[in-house]
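*Asks:* Next comes the structure file structure13.txt, holding compact mmCIF, C-alpha atoms and all ligand atoms.
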```txt
# COMPACT_ATOMS: atom_id res chain seq x y z
CA MET A 1 5.49 -6.13 -3.24
CA GLY A 2 8.01 -4.64 -0.88
CA SER A 3 5.94 -3.50 2.06
CA PRO A 4 5.51 -5.59 5.19
CA ARG A 5 2.04 -4.07 5.52
CA ILE A 6 -0.58 -6.22 3.77
CA LYS A 7 -3.44 -4.09 2.43
CA GLY A 8 -1.25 -1.07 3.09
CA ASN A 9 -0.63 1.70 0.58
CA THR A 10 1.99 -0.06 -1.53
CA ASP A 11 -0.03 -3.27 -1.61
CA LEU A 12 -3.20 -1.50 -2.75
CA LEU A 13 -1.32 0.45 -5.43
CA LEU A 14 0.31 -2.70 -6.76
CA ASP A 15 -3.02 -4.53 -6.86
CA GLU A 16 -4.43 -1.76 -9.06
CA ALA A 17 -1.39 -1.87 -11.34
CA LEU A 18 -1.77 -5.63 -11.70
CA LYS A 19 -5.47 -5.17 -12.51
CA GLY A 20 -4.44 -2.68 -15.19
CA ALA A 21 -2.03 -5.21 -16.68
CA GLN A 22 -4.67 -7.95 -16.49
CA SER A 23 -7.10 -5.68 -18.35
CA GLN A 24 -4.70 -6.08 -21.30
CA GLU A 25 -4.71 -9.88 -20.97
CA ALA A 26 -1.39 -10.04 -19.10
CA GLU A 27 -0.67 -13.01 -16.90
CA THR A 28 0.52 -11.61 -13.57
CA GLU A 29 2.06 -12.88 -10.38
CA LYS A 30 2.41 -10.91 -7.18
CA ILE A 31 5.34 -11.82 -4.96
CA ILE A 32 5.14 -10.57 -1.39
CA LEU A 33 8.79 -10.31 -0.39
CA ASP A 34 8.04 -10.00 3.32
CA LYS A 35 6.50 -13.48 3.36
CA LEU A 36 9.63 -15.05 1.89
CA LYS A 37 13.01 -15.93 3.27
CA ILE A 38 15.46 -13.80 1.31
CA ALA A 39 18.85 -13.09 2.85
CA PRO A 40 20.74 -10.02 1.69
CA CYS A 41 23.87 -10.57 -0.45
CA ARG A 42 26.73 -11.95 1.65
CA GLU A 43 29.47 -11.25 -0.90
CA TYR A 44 30.50 -14.87 -1.32
CA TYR A 45 30.98 -13.99 -5.00
CA GLY A 46 30.02 -17.47 -6.22
CA CYS A 47 27.92 -15.71 -8.87
CA LEU A 48 31.04 -14.37 -10.56
CA LYS A 49 32.00 -17.94 -11.46
CA ASP A 50 28.75 -19.23 -12.93
CA GLY A 51 26.03 -16.61 -12.48
CA ASN A 52 24.37 -18.49 -9.63
CA CYS A 53 24.03 -17.35 -6.05
CA VAL A 54 25.43 -19.82 -3.52
CA ILE A 55 22.80 -18.91 -0.90
CA ARG A 56 19.85 -21.34 -0.85
CA ASP A 57 16.58 -19.66 0.13
CA ASP A 58 13.37 -18.43 -1.49
CA MET A 59 15.33 -16.56 -4.18
CA ASP A 60 15.72 -20.01 -5.77
CA ASP A 61 12.10 -19.77 -6.96
CA ILE A 62 12.37 -16.13 -7.97
CA TYR A 63 15.43 -16.27 -10.26
CA PRO A 64 13.73 -18.32 -13.01
CA LYS A 65 10.68 -16.07 -12.87
CA LEU A 66 12.85 -12.96 -13.15
CA LEU A 67 14.47 -14.39 -16.26
CA ASP A 68 11.11 -15.27 -17.79
CA VAL A 69 8.95 -12.15 -17.34
CA ASP A 70 8.26 -9.49 -19.96
CA ALA A 71 7.83 -6.80 -17.32
CA ILE A 72 8.42 -6.28 -13.63
CA ILE A 73 6.85 -3.82 -11.23
CA VAL A 74 8.67 -3.13 -7.98
CA ALA A 75 6.41 -1.49 -5.41
CA SER A 76 7.82 -0.22 -2.13
CA PRO A 77 7.12 2.12 0.72
CA ILE A 78 9.83 4.70 1.36
CA PHE A 79 11.74 3.86 4.52
CA PHE A 80 14.51 6.30 5.43
CA TYR A 81 14.61 7.75 1.92
CA THR A 82 15.09 4.43 0.20
CA VAL A 83 13.12 1.29 -0.61
CA SER A 84 12.27 -1.14 2.19
CA ALA A 85 14.86 -3.56 3.56
CA GLN A 86 12.87 -6.40 1.98
CA VAL A 87 13.32 -4.82 -1.45
CA LEU A 88 16.99 -4.06 -0.83
CA ALA A 89 17.68 -7.67 0.17
CA PHE A 90 15.95 -8.92 -2.99
CA ILE A 91 17.80 -6.42 -5.19
CA SER A 92 21.17 -7.26 -3.68
CA ARG A 93 20.63 -10.94 -4.54
CA CYS A 94 20.12 -9.94 -8.16
CA GLN A 95 23.86 -9.36 -8.24
CA ALA A 96 23.84 -12.89 -9.68
CA LEU A 97 22.10 -11.55 -12.80
CA TRP A 98 24.40 -8.52 -12.82
CA ALA A 99 27.32 -10.99 -12.91
CA ARG A 100 25.77 -12.84 -15.85
CA LYS A 101 25.25 -9.59 -17.74
CA TYR A 102 28.49 -7.76 -17.09
CA ILE A 103 31.10 -10.36 -16.09
CA LEU A 104 30.06 -13.62 -17.72
CA LYS A 105 28.26 -11.87 -20.58
CA ASN A 106 25.69 -14.65 -20.87
CA LEU A 107 22.48 -12.97 -19.71
CA ASP A 108 20.78 -13.98 -22.90
CA ILE A 109 17.31 -12.45 -22.50
CA PRO A 110 15.51 -9.62 -24.30
CA LEU A 111 15.23 -6.16 -22.77
CA ARG A 112 12.15 -6.04 -20.54
CA LYS A 113 10.08 -3.24 -19.04
CA GLY A 114 10.50 -2.14 -15.45
CA ALA A 115 8.19 0.07 -13.44
CA PHE A 116 8.65 1.52 -9.99
CA ILE A 117 5.80 2.33 -7.61
CA ALA A 118 6.66 4.05 -4.35
CA VAL A 119 4.78 5.76 -1.57
CA GLY A 120 6.05 7.92 1.26
CA ALA A 121 4.53 9.94 4.07
CA THR A 122 6.35 13.22 3.58
CA ARG A 123 6.31 15.69 0.73
CA GLY A 124 9.99 16.52 0.26
CA GLU A 125 11.13 17.28 -3.25
CA LYS A 126 14.05 14.82 -3.00
CA LEU A 127 12.00 12.01 -1.45
CA PHE A 128 12.40 9.68 -4.42
CA ASP A 129 15.87 10.69 -5.65
CA GLY A 130 17.75 7.89 -3.87
CA PRO A 131 15.30 5.04 -4.53
CA LYS A 132 14.94 6.05 -8.19
CA LEU A 133 18.68 5.63 -8.71
CA THR A 134 18.58 2.27 -6.96
CA MET A 135 15.74 1.11 -9.17
CA LYS A 136 17.34 2.42 -12.34
CA TYR A 137 20.47 0.35 -11.75
CA PHE A 138 18.52 -2.65 -10.50
CA PHE A 139 16.45 -2.73 -13.67
CA LYS A 140 19.59 -2.31 -15.78
CA ALA A 141 21.25 -5.25 -14.02
CA ILE A 142 18.35 -7.59 -14.82
CA ASN A 143 18.12 -6.33 -18.40
CA ALA A 144 15.08 -4.14 -18.00
CA GLU A 145 14.58 -0.49 -18.85
CA TYR A 146 13.24 1.99 -16.29
CA HIS A 147 10.04 2.33 -18.28
CA ASP A 148 7.56 3.91 -15.89
CA GLU A 149 7.01 5.14 -12.35
CA LEU A 150 4.33 6.18 -9.91
CA LEU A 151 5.67 8.13 -6.95
CA ILE A 152 3.17 9.18 -4.29
CA ARG A 153 3.93 11.65 -1.52
CA GLY A 154 2.02 12.51 1.64
CA VAL A 155 0.38 9.15 2.32
CA ASP A 156 1.07 7.49 5.64
CA LYS A 157 -1.62 5.49 7.43
CA ARG A 158 -2.56 1.99 6.37
CA GLY A 159 -4.97 2.20 3.45
CA GLU A 160 -4.85 6.01 3.36
CA ILE A 161 -4.05 5.71 -0.33
CA LYS A 162 -7.78 5.08 -0.90
CA GLU A 163 -8.40 8.74 -0.01
CA HIS A 164 -5.86 9.98 -2.55
CA PRO A 165 -7.70 11.62 -5.46
CA THR A 166 -5.75 9.99 -8.32
CA ALA A 167 -3.19 7.43 -7.12
CA LEU A 168 -5.17 4.19 -7.51
CA ASN A 169 -6.33 5.19 -10.96
CA GLU A 170 -2.80 6.13 -11.94
CA ALA A 171 -1.57 2.75 -10.73
CA PHE A 172 -4.17 1.00 -12.92
CA GLU A 173 -3.06 3.07 -15.92
CA LEU A 174 0.61 2.29 -15.22
CA GLY A 175 -0.18 -1.42 -15.30
CA LYS A 176 -2.05 -0.98 -18.58
CA ARG A 177 0.78 1.04 -20.13
CA LEU A 178 3.27 -1.73 -19.42
CA LEU A 179 1.49 -3.78 -22.05
CA VAL A 180 0.57 -1.17 -24.60
CA GLY A 181 3.24 1.53 -24.20
C1 LIG A 201 10.70 2.46 9.21
C2 LIG A 201 9.95 3.51 8.45
C3 LIG A 201 10.67 4.51 7.82
C4 LIG A 201 10.00 5.48 7.07
N1 LIG A 201 10.73 6.43 6.42
C5 LIG A 201 10.10 7.37 5.65
C6 LIG A 201 10.86 8.35 4.94
O1 LIG A 201 12.09 8.40 4.97
N2 LIG A 201 10.17 9.25 4.19
C7 LIG A 201 8.80 9.24 4.10
O2 LIG A 201 8.25 10.07 3.41
N3 LIG A 201 8.07 8.29 4.76
C8 LIG A 201 8.68 7.37 5.52
N4 LIG A 201 7.94 6.41 6.20
C9 LIG A 201 6.47 6.37 6.04
C10 LIG A 201 6.00 5.33 5.00
O3 LIG A 201 6.67 5.48 3.78
C11 LIG A 201 4.48 5.51 4.77
O4 LIG A 201 3.80 5.26 5.97
C12 LIG A 201 3.92 4.62 3.68
O5 LIG A 201 2.62 5.04 3.36
C13 LIG A 201 3.90 3.16 4.10
O6 LIG A 201 3.43 2.40 3.02
P1 LIG A 201 2.77 0.93 3.22
O7 LIG A 201 1.43 1.14 3.82
O8 LIG A 201 2.72 0.36 1.87
O9 LIG A 201 3.71 0.16 4.08
C14 LIG A 201 8.58 5.46 6.98
C15 LIG A 201 7.87 4.45 7.66
C16 LIG A 201 8.54 3.48 8.38
C17 LIG A 201 7.75 2.41 9.07
```
The structure given in the file should be rewritten as structure tokens.
*Replies:*
Amino acid sequence: MGSPRIKGNTDLLLDEALKGAQSQEAETEKIILDKLKIAPCREYYGCLKDGNCVIRDDMDDIYPKLLDVDAIIVASPIFFYTVSAQVLAFISRCQALWARKYILKNLDIPLRKGAFIAVGATRGEKLFDGPKLTMKYFFKAINAEYHDELLIRGVDKRGEIKEHPTALNEAFELGKRLLVG
């Protein structure tokens, strides 16, 4: 969960998606990035040697989970036409897995499913172009396919997503599809 706003639009959408996944007997865990200490990549390049990041912070707990999951949903508000800084910091630290996959060639895990949920206030046609590219290459780096997405425009105030005619339902269905699709 990449929004700093608890019970905000991203948070509510993700909760529905997780309920959808749980409806198919999935075991789920929600990680609220804003509550964790995750520094952005500092380009120490330790990961190129052994696939491990040299920075010690809350990513230590996330790496093993990332390697273990069958699917990952990244949910973020759109900030300045990209994902939130919290999500960008987290993604940049996944360079360690990128290094395992492409440099060390020892990212020995099956291809997983990735889904992207995003919500922005405006309605521009290109609103999600940038973040979608980011997510596509993030998923690729951690050995996941860009399997599904839910991109919601025109929602701004905290909890306003509840007034959207279809979004919460669509989020539930996305979560379900991750298991059955
Ligand atoms: C710093 C900041 C930057 C934002 N930039 C954009 C933007 O580029 N495009 C857009 O459509 N909405 C933008 N918004 C609006 C949020 O995407 C919108 O309020 C969203 O519903 C927030 O989701 P949340 O409740 O999950 O945090 C921005 C909001 C903030 C606080």
*Asks:* Tell me which of A:Arg5, A:Arg42, A:Arg112, A:Lys37 sits closest to A:Val54, counting all atoms listed in the file.
*Replies:*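 When distances to A:Val54 are compared using all atoms listed in the file, the smallest one comes from A:Arg42.
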*Asks:* Compute the set of protein, DNA and RNA residues whose minimum atom distance to ligand LIG 201 (chain A) is at most 6 Å, using all atoms listed in the file, and state it as a list in words.
*Replies:*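 The neighbouring residues of ligand LIG 201 (chain A) are, in order, Ser3, Arg5, Gly8, Asn9, Thr10, Asp11, Pro77, Ile78, Phe79, Phe80, Tyr81, Val119, Gly120, Ala121, Thr122, Val155, Asp156, Lys157 and Arg158 of chain A.
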*Asks:* What separation in Å, quoted to one decimal, exists between atom CA of A:Ile62 and atom CA of A:Leu97?
*Replies:* 11.8 Å
*Asks:* Could you please give me, as a ChimeraX atom specification, the residues of protein, DNA or RNA lying at most 8 Å from (11.0, 4.3, -19.2) in the coordinate frame of the file, considering all atoms listed in the file?
*Replies:* /A:113-115,145-149
*Asks:* Please produce a file of the residues just selected, as a CSV table (one decimal), in the coordinates of the input, where the atoms kept are C-alpha atoms.
*Replies:*
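What landed in again14.csv:
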```
chain,number,residue,atom,x,y,z
A,113,LYS,CA,10.1,-3.2,-19.0
A,114,GLY,CA,10.5,-2.1,-15.4
A,115,ALA,CA,8.2,0.1,-13.4
A,145,GLU,CA,14.6,-0.5,-18.8
A,146,TYR,CA,13.2,2.0,-16.3
A,147,HIS,CA,10.0,2.3,-18.3
A,148,ASP,CA,7.6,3.9,-15.9
A,149,GLU,CA,7.0,5.1,-12.4
```
*Asks:* Quick one: pull the distance between atom CA of A:Gln24 and atom CA of A:Asp68, Å, one decimal.
*Replies:*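 Going from atom CA of A:Gln24 over to atom CA of A:Asp68, I get 18.6 Å.
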*Asks:* Looking at all atoms listed in the file, which of A:Ala75, A:Leu66, A:Ala85, A:Ile32 is the one that sits closest to A:Lys132?
*Replies:*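 Of A:Ala75, A:Leu66, A:Ala85, A:Ile32, the one nearest A:Lys132 is A:Ala75, counting all atoms listed in the file.
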*Asks:* Enter the distance from atom CA of A:Phe128 to atom CA of A:Leu151, in Å, rounded to one decimal.
*Replies:* 7.4 Å
*Asks:* Looking at only C-alpha atoms, which of A:Pro40, A:Gly20, A:Gly51, A:Gly46 is the one that sits closest to A:Lys101?
*Replies:*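 Using only C-alpha atoms, A:Lys101 sits closest to A:Gly51.
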*Asks:* Name the residues in contact with A:Ala167 at a cut-off of 8 Å, using all atoms listed in the file, excluding same-chain residues fewer than 3 positions from it; report them as a PyMOL selection string.
*Replies:* chain A and resi 13+152+161+164+170-171
*Asks:* Env of A:Gln95: 10 Å cut, atoms = all atoms listed in the file, seq-sep filter 2 positions within chain, self excluded. Answer as a JSON list (two decimals) with C-alpha atoms, in the coordinates of the input.
*Replies:*
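This went into result-v4.json:
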```
[["chain", "number", "residue", "atom", "x", "y", "z"],
["A", 41, "CYS", "CA", 23.87, -10.57, -0.45],
["A", 43, "GLU", "CA", 29.47, -11.25, -0.90],
["A", 45, "TYR", "CA", 30.98, -13.99, -5.00],
["A", 47, "CYS", "CA", 27.92, -15.71, -8.87],
["A", 48, "LEU", "CA", 31.04, -14.37, -10.56],
["A", 51, "GLY", "CA", 26.03, -16.61, -12.48],
["A", 52, "ASN", "CA", 24.37, -18.49, -9.63],
["A", 53, "CYS", "CA", 24.03, -17.35, -6.05],
["A", 90, "PHE", "CA", 15.95, -8.92, -2.99],
["A", 91, "ILE", "CA", 17.80, -6.42, -5.19],
["A", 92, "SER", "CA", 21.17, -7.26, -3.68],
["A", 93, "ARG", "CA", 20.63, -10.94, -4.54],
["A", 97, "LEU", "CA", 22.10, -11.55, -12.80],
["A", 98, "TRP", "CA", 24.40, -8.52, -12.82],
["A", 99, "ALA", "CA", 27.32, -10.99, -12.91],
["A", 100, "ARG", "CA", 25.77, -12.84, -15.85],
["A", 101, "LYS", "CA", 25.25, -9.59, -17.74],
["A", 138, "PHE", "CA", 18.52, -2.65, -10.50],
["A", 141, "ALA", "CA", 21.25, -5.25, -14.02],
["A", 142, "ILE", "CA", 18.35, -7.59, -14.82]]
```
*Asks:* Calculated over all atoms listed in the file, which of the candidates A:Lys162, A:Tyr102, A:Lys30, A:Cys94 has the smallest distance to A:Ile55?
*Replies:*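 The closest residue to A:Ile55 is A:Cys94.
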*Asks:* Given only C-alpha atoms as the basis, pick out the residue of A:Pro165, A:Gly175, A:Gly124, A:Gly159 nearest to A:Ile6.
*Replies:* A:Gly159
*Asks:* Measuring between only C-alpha atoms, which one of A:Ser84, A:Lys140, A:Leu179, A:Asn169 shows the shortest distance to A:Glu27?
*Replies:*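 Going through A:Ser84, A:Lys140, A:Leu179, A:Asn169 one by one, the smallest distance to A:Glu27 is for A:Leu179.
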*Asks:* Kindly output stretch 136-158 of chain A as a PDB file, keeping the file's coordinate frame, after building N, CA, C and O atoms.
*Replies:*
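What landed in out_24.pdb:
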```
ATOM      1  N   LYS A 136      16.801   2.303 -10.974  1.00  0.00           N
ATOM      2  CA  LYS A 136      17.340   2.420 -12.340  1.00  0.00           C
ATOM      3  C   LYS A 136      18.446   1.369 -12.548  1.00  0.00           C
ATOM      4  O   LYS A 136      18.462   0.656 -13.555  1.00  0.00           O
ATOM      5  N   TYR A 137      19.344   1.273 -11.581  1.00  0.00           N
ATOM      6  CA  TYR A 137      20.470   0.350 -11.750  1.00  0.00           C
ATOM      7  C   TYR A 137      20.070  -1.097 -11.474  1.00  0.00           C
ATOM      8  O   TYR A 137      20.654  -2.014 -12.053  1.00  0.00           O
ATOM      9  N   PHE A 138      19.051  -1.293 -10.661  1.00  0.00           N
ATOM     10  CA  PHE A 138      18.520  -2.650 -10.500  1.00  0.00           C
ATOM     11  C   PHE A 138      17.935  -3.143 -11.820  1.00  0.00           C
ATOM     12  O   PHE A 138      18.259  -4.235 -12.295  1.00  0.00           O
ATOM     13  N   PHE A 139      17.079  -2.311 -12.410  1.00  0.00           N
ATOM     14  CA  PHE A 139      16.450  -2.730 -13.670  1.00  0.00           C
ATOM     15  C   PHE A 139      17.515  -3.012 -14.731  1.00  0.00           C
ATOM     16  O   PHE A 139      17.439  -3.996 -15.461  1.00  0.00           O
ATOM     17  N   LYS A 140      18.525  -2.133 -14.788  1.00  0.00           N
ATOM     18  CA  LYS A 140      19.590  -2.310 -15.780  1.00  0.00           C
ATOM     19  C   LYS A 140      20.286  -3.668 -15.573  1.00  0.00           C
ATOM     20  O   LYS A 140      20.563  -4.390 -16.535  1.00  0.00           O
ATOM     21  N   ALA A 141      20.530  -4.002 -14.329  1.00  0.00           N
ATOM     22  CA  ALA A 141      21.250  -5.250 -14.020  1.00  0.00           C
ATOM     23  C   ALA A 141      20.474  -6.486 -14.470  1.00  0.00           C
ATOM     24  O   ALA A 141      21.068  -7.499 -14.832  1.00  0.00           O
ATOM     25  N   ILE A 142      19.138  -6.403 -14.429  1.00  0.00           N
ATOM     26  CA  ILE A 142      18.350  -7.590 -14.820  1.00  0.00           C
ATOM     27  C   ILE A 142      17.858  -7.472 -16.268  1.00  0.00           C
ATOM     28  O   ILE A 142      16.933  -8.165 -16.689  1.00  0.00           O
ATOM     29  N   ASN A 143      18.475  -6.565 -17.004  1.00  0.00           N
ATOM     30  CA  ASN A 143      18.120  -6.330 -18.400  1.00  0.00           C
ATOM     31  C   ASN A 143      16.682  -5.840 -18.574  1.00  0.00           C
ATOM     32  O   ASN A 143      15.900  -6.391 -19.345  1.00  0.00           O
ATOM     33  N   ALA A 144      16.366  -4.809 -17.838  1.00  0.00           N
ATOM     34  CA  ALA A 144      15.080  -4.140 -18.000  1.00  0.00           C
ATOM     35  C   ALA A 144      15.341  -2.642 -18.092  1.00  0.00           C
ATOM     36  O   ALA A 144      16.330  -2.147 -17.548  1.00  0.00           O
ATOM     37  N   GLU A 145      14.452  -1.941 -18.808  1.00  0.00           N
ATOM     38  CA  GLU A 145      14.580  -0.490 -18.850  1.00  0.00           C
ATOM     39  C   GLU A 145      13.698   0.116 -17.758  1.00  0.00           C
ATOM     40  O   GLU A 145      12.675  -0.462 -17.398  1.00  0.00           O
ATOM     41  N   TYR A 146      14.093   1.272 -17.251  1.00  0.00           N
ATOM     42  CA  TYR A 146      13.240   1.990 -16.290  1.00  0.00           C
ATOM     43  C   TYR A 146      12.152   2.654 -17.139  1.00  0.00           C
ATOM     44  O   TYR A 146      12.303   3.752 -17.636  1.00  0.00           O
ATOM     45  N   HIS A 147      11.053   1.947 -17.291  1.00  0.00           N
ATOM     46  CA  HIS A 147      10.040   2.330 -18.280  1.00  0.00           C
ATOM     47  C   HIS A 147       9.011   3.294 -17.711  1.00  0.00           C
ATOM     48  O   HIS A 147       8.496   4.149 -18.422  1.00  0.00           O
ATOM     49  N   ASP A 148       8.685   3.127 -16.426  1.00  0.00           N
ATOM     50  CA  ASP A 148       7.560   3.910 -15.890  1.00  0.00           C
ATOM     51  C   ASP A 148       7.682   4.016 -14.369  1.00  0.00           C
ATOM     52  O   ASP A 148       8.391   3.216 -13.742  1.00  0.00           O
ATOM     53  N   GLU A 149       6.974   4.980 -13.812  1.00  0.00           N
ATOM     54  CA  GLU A 149       7.010   5.140 -12.350  1.00  0.00           C
ATOM     55  C   GLU A 149       5.724   5.778 -11.859  1.00  0.00           C
ATOM     56  O   GLU A 149       5.050   6.493 -12.595  1.00  0.00           O
ATOM     57  N   LEU A 150       5.407   5.493 -10.617  1.00  0.00           N
ATOM     58  CA  LEU A 150       4.330   6.180  -9.910  1.00  0.00           C
ATOM     59  C   LEU A 150       4.831   6.464  -8.508  1.00  0.00           C
ATOM     60  O   LEU A 150       5.070   5.537  -7.725  1.00  0.00           O
ATOM     61  N   LEU A 151       5.036   7.737  -8.208  1.00  0.00           N
ATOM     62  CA  LEU A 151       5.670   8.130  -6.950  1.00  0.00           C
ATOM     63  C   LEU A 151       4.689   9.003  -6.174  1.00  0.00           C
ATOM     64  O   LEU A 151       4.333  10.089  -6.622  1.00  0.00           O
ATOM     65  N   ILE A 152       4.237   8.502  -5.044  1.00  0.00           N
ATOM     66  CA  ILE A 152       3.170   9.180  -4.290  1.00  0.00           C
ATOM     67  C   ILE A 152       3.700   9.709  -2.969  1.00  0.00           C
ATOM     68  O   ILE A 152       4.228   8.960  -2.143  1.00  0.00           O
ATOM     69  N   ARG A 153       3.499  11.002  -2.764  1.00  0.00           N
ATOM     70  CA  ARG A 153       3.930  11.650  -1.520  1.00  0.00           C
ATOM     71  C   ARG A 153       2.745  11.865  -0.582  1.00  0.00           C
ATOM     72  O   ARG A 153       1.595  11.920  -1.020  1.00  0.00           O
ATOM     73  N   GLY A 154       3.034  12.040   0.688  1.00  0.00           N
ATOM     74  CA  GLY A 154       2.020  12.510   1.640  1.00  0.00           C
ATOM     75  C   GLY A 154       0.985  11.474   2.043  1.00  0.00           C
ATOM     76  O   GLY A 154      -0.125  11.828   2.448  1.00  0.00           O
ATOM     77  N   VAL A 155       1.327  10.201   1.941  1.00  0.00           N
ATOM     78  CA  VAL A 155       0.380   9.150   2.320  1.00  0.00           C
ATOM     79  C   VAL A 155       1.036   8.259   3.374  1.00  0.00           C
ATOM     80  O   VAL A 155       2.115   7.722   3.152  1.00  0.00           O
ATOM     81  N   ASP A 156       0.395   8.106   4.508  1.00  0.00           N
ATOM     82  CA  ASP A 156       1.070   7.490   5.640  1.00  0.00           C
ATOM     83  C   ASP A 156       0.316   6.304   6.245  1.00  0.00           C
ATOM     84  O   ASP A 156       0.810   5.185   6.284  1.00  0.00           O
ATOM     85  N   LYS A 157      -0.912   6.549   6.702  1.00  0.00           N
ATOM     86  CA  LYS A 157      -1.620   5.490   7.430  1.00  0.00           C
ATOM     87  C   LYS A 157      -2.017   4.339   6.516  1.00  0.00           C
ATOM     88  O   LYS A 157      -2.196   4.525   5.322  1.00  0.00           O
ATOM     89  N   ARG A 158      -2.182   3.181   7.139  1.00  0.00           N
ATOM     90  CA  ARG A 158      -2.560   1.990   6.370  1.00  0.00           C
ATOM     91  C   ARG A 158      -3.853   2.228   5.585  1.00  0.00           C
ATOM     92  O   ARG A 158      -4.874   2.590   6.173  1.00  0.00           O
TER      93      ARG A 158
END
```
